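K.L.:
Below are the structure tokens for one structure; questions will follow.
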Amino acid sequence: MTNEEKRDSFEPKDSPSLRTELKQEVAALPEAGPKEANPSALTPPEKIETAEATEQQVNGDGSHSTPREPAPKPDDVPSPNIVKPVPPEKQRRFFEERPLPAIGMVPRVMRNRTRREVLAFGIGAAAVATGAAYLLPQNTLSRLGVRRDMNSRGKEWLLNNALLLDDDVAEALYSNNRMVPTYTRAQITPIKNNYNGVTPEPWYISGWNLRLDGLASGLSVSLDIRKLMNHFSVHEQITRFVCVEGWSAIAWWAGLRFDDLLRAYPPKSQAKWARVESSVNLDNSGSPDPYFVSIDLATARHPQTLLATHHNGQALTLEHGAPLRLLVPVKLGLKNVKAITRITYSAEEPRDYWAPYGYSSYDGI
């Protein structure tokens, strides 16, 4: 077969019906002018689309393919005016909770992942138990059957630095505008007498006064309870008292704000700390054991820090620190000195009663 015959065999041949339709369409066309020699330029779009729709493609073996579906007419296309715009999704806030995405997973993969997570949890639990055993006191370890001495300088260093980190975090989170929760009188609960030692006898109350040192005036000021009650406004609050031993109680307190005392008797300009003392504190044998704590002036100026004179609507009793005690709801209970007798302001952090025993010096909640 020659090349021309091969080419003729692959060229599509018009069927009689198709040629007849094309001749009729050409005959129906108006006569073109000199500049309109191309008949397709005058053919209406509907006619061209109809012709293209009826034209059949012929395969190489001479068979006819299925005619294409006619393209939609312009009238069938929906008008853009009736398409309603889709409103954009409402912008979510940064901290707004988002729905959890649905996650599909093959059961075999899920089983393998579950095994790995259980194994990782077991290893983590064992590591935590080992670390806890290392940090427990030697007496506790002995009761648990561990005879080996676990005390070391590394253990002391780790615990001390953990306390310092806790203090740094508590101080960073402190805000003069952050208030602890307050409660109603119906929520009041009994509070323990938690003197550090023996509750003193009332012998000291008749000669009691509060001494202020480290003032901007350079003088030492002595105030009795009547002067405190008469020269300062009384504020009430019902807050939770949180003890370092693990218990807490809700109590109703009243007294003057520490901040009001600082305004009336301002400390030196460089002062950042206050040492609060109680010289009437006794140890377990009844011997004098002066109690003292350090408190930063930022906490002393907190609106809920009081020099309390009343408890549950009554004047303070000996058990609760008569005639004047420190109440700091944003600190642990060991900072709430009973029967305070002296306040000294300083630029450097003063010594704290419990710090040599490994307790934190900031003790923020």
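Letters for chains follow the order of the structure tokens (A, B, ...), residue numbers begin at 1 for each chain, and ligand numbers begin at 1 in the order shown.
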Contacts between stretch 167-178 of chain A and stretch 291-365 of chain A, please, where a residue of stretch 291-365 of chain A counts if it comes within 8 Å (with only C-alpha atoms); show its shortest atom pair and distance in Å to one decimal, rows by chain and ascending number, as a Markdown table.
P.N.:
```
| residue | atom | partner | partner_atom | distance |
| --- | --- | --- | --- | --- |
| A:Ala298 | CA | A:Asn176 | CA | 7.5 |
| A:Thr299 | CA | A:Asn176 | CA | 7.6 |
| A:Arg301 | CA | A:Asn176 | CA | 7.7 |
| A:His302 | CA | A:Asn176 | CA | 5.5 |
| A:Pro303 | CA | A:Asn176 | CA | 7.4 |
| A:Ser360 | CA | A:Asp167 | CA | 7.1 |
| A:Ser361 | CA | A:Asp167 | CA | 7.5 |
| A:Tyr362 | CA | A:Asp167 | CA | 5.5 |
| A:Asp363 | CA | A:Asp167 | CA | 6.9 |
| A:Gly364 | CA | A:Ala170 | CA | 5.6 |
| A:Ile365 | CA | A:Ala170 | CA | 7.0 |
```
K.L.:
Could those residues be written to a file, using N, CA and C atoms, as an mmCIF file, in the first residue's frame?
P.N.:
```cif
data_model
loop_
_atom_site.group_PDB
_atom_site.id
_atom_site.type_symbol
_atom_site.label_atom_id
_atom_site.label_comp_id
_atom_site.auth_asym_id
_atom_site.auth_seq_id
_atom_site.Cartn_x
_atom_site.Cartn_y
_atom_site.Cartn_z
ATOM 1 N N ALA A 298 6.098 44.832 97.774
ATOM 2 C CA ALA A 298 5.050 44.725 96.747
ATOM 3 C C ALA A 298 3.869 43.918 97.281
ATOM 4 N N THR A 299 4.146 42.819 97.989
ATOM 5 C CA THR A 299 3.079 42.019 98.586
ATOM 6 C C THR A 299 2.439 42.754 99.756
ATOM 7 N N ARG A 301 1.883 45.828 99.939
ATOM 8 C CA ARG A 301 0.981 46.836 99.392
ATOM 9 C C ARG A 301 -0.234 46.231 98.690
ATOM 10 N N HIS A 302 -0.340 44.912 98.649
ATOM 11 C CA HIS A 302 -1.489 44.277 98.002
ATOM 12 C C HIS A 302 -2.768 44.665 98.745
ATOM 13 N N PRO A 303 -3.862 44.966 98.015
ATOM 14 C CA PRO A 303 -5.101 45.417 98.669
ATOM 15 C C PRO A 303 -5.672 44.437 99.687
ATOM 16 N N SER A 360 10.882 27.775 101.399
ATOM 17 C CA SER A 360 10.993 28.894 100.481
ATOM 18 C C SER A 360 10.913 30.203 101.259
ATOM 19 N N SER A 361 11.562 31.240 100.733
ATOM 20 C CA SER A 361 11.515 32.555 101.374
ATOM 21 C C SER A 361 10.398 33.426 100.810
ATOM 22 N N TYR A 362 9.929 33.120 99.591
ATOM 23 C CA TYR A 362 8.870 33.931 98.973
ATOM 24 C C TYR A 362 7.496 33.394 99.358
ATOM 25 N N ASP A 363 7.294 32.095 99.227
ATOM 26 C CA ASP A 363 6.079 31.412 99.669
ATOM 27 C C ASP A 363 4.810 32.002 99.069
ATOM 28 N N GLY A 364 4.847 32.336 97.778
ATOM 29 C CA GLY A 364 3.653 32.845 97.125
ATOM 30 C C GLY A 364 2.708 31.742 96.725
ATOM 31 N N ILE A 365 1.447 32.104 96.612
ATOM 32 C CA ILE A 365 0.405 31.136 96.182
ATOM 33 C C ILE A 365 0.051 31.420 94.731
#
```
K.L.:
Check stretch 134-342 of chain A with DSSP on the backbone and list each residue it calls helix (DSSP H, G or I), as a ChimeraX atom specification.
P.N.:
/A:134-135,138-143,153-173,185-187,202-207,225-231,258-264,297-300,318-320,333-335
K.L.:
Contacts of A:Gly313 at 9 Å or less, counting only C-alpha atoms, minus same-chain residues fewer than 4 places along, as a list in words?
P.N.:
Trp252, Trp253 and Ala254 of chain A
K.L.:
Please, could you write that set of residues out with N, CA and C atoms as an mmCIF file, in the first residue's frame?
P.N.:
```cif
data_model
loop_
_atom_site.group_PDB
_atom_site.id
_atom_site.type_symbol
_atom_site.label_atom_id
_atom_site.label_comp_id
_atom_site.auth_asym_id
_atom_site.auth_seq_id
_atom_site.Cartn_x
_atom_site.Cartn_y
_atom_site.Cartn_z
ATOM 1 N N TRP A 252 -13.219 34.937 108.241
ATOM 2 C CA TRP A 252 -13.638 36.333 108.093
ATOM 3 C C TRP A 252 -12.688 37.196 108.922
ATOM 4 N N TRP A 253 -11.972 38.088 108.239
ATOM 5 C CA TRP A 253 -10.979 38.931 108.889
ATOM 6 C C TRP A 253 -11.356 40.406 108.731
ATOM 7 N N ALA A 254 -10.852 41.235 109.655
ATOM 8 C CA ALA A 254 -11.024 42.682 109.571
ATOM 9 C C ALA A 254 -9.800 43.344 110.187
#
```
K.L.:
Find the residues near A:Val180: any atom within 10 Å, counting only C-alpha atoms, skip ones fewer than 4 places away on the same chain, and give them as a PyMOL selection string.
P.N.:
chain A and resi 239-240+304+329-330+365
K.L.:
Looking at only C-alpha atoms, which of A:Glu245, A:Gly197, A:His320, A:Ile343 is the one that sits closest to A:Ser222?
P.N.:
A:Ile343
K.L.:
For each of A:Leu262, A:Ala249, A:Arg325, A:Arg342, take the minimum atom-to-atom distance to A:Asp213, counting only C-alpha atoms, then give the residue where this is smallest.
P.N.:
A:Arg342
K.L.:
At a cut-off of 9 Å, using only C-alpha atoms, what residues contact A:Leu327? Leave out same-chain residues fewer than 4 positions from it and give the result as a ChimeraX atom specification.
P.N.:
/A:241,253,304-308,331,333,335-338
K.L.:
Have a look at atom CA of A:Glu236 and atom CA of A:Ile188 and let me know their distance in Å, one decimal.
P.N.:
13.7 Å
K.L.:
What's the separation between atom CA of A:Ser294 and atom CA of A:Leu261, in Å to one decimal place?
P.N.:
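Straight-line distance from atom CA of A:Ser294 to atom CA of A:Leu261 works out to 17.0 Å.
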K.L.:
Distance atom CA of A:Val242-atom CA of A:Pro267, one decimal place?
P.N.:
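For atom CA of A:Val242 relative to atom CA of A:Pro267, the distance reads 28.8 Å.
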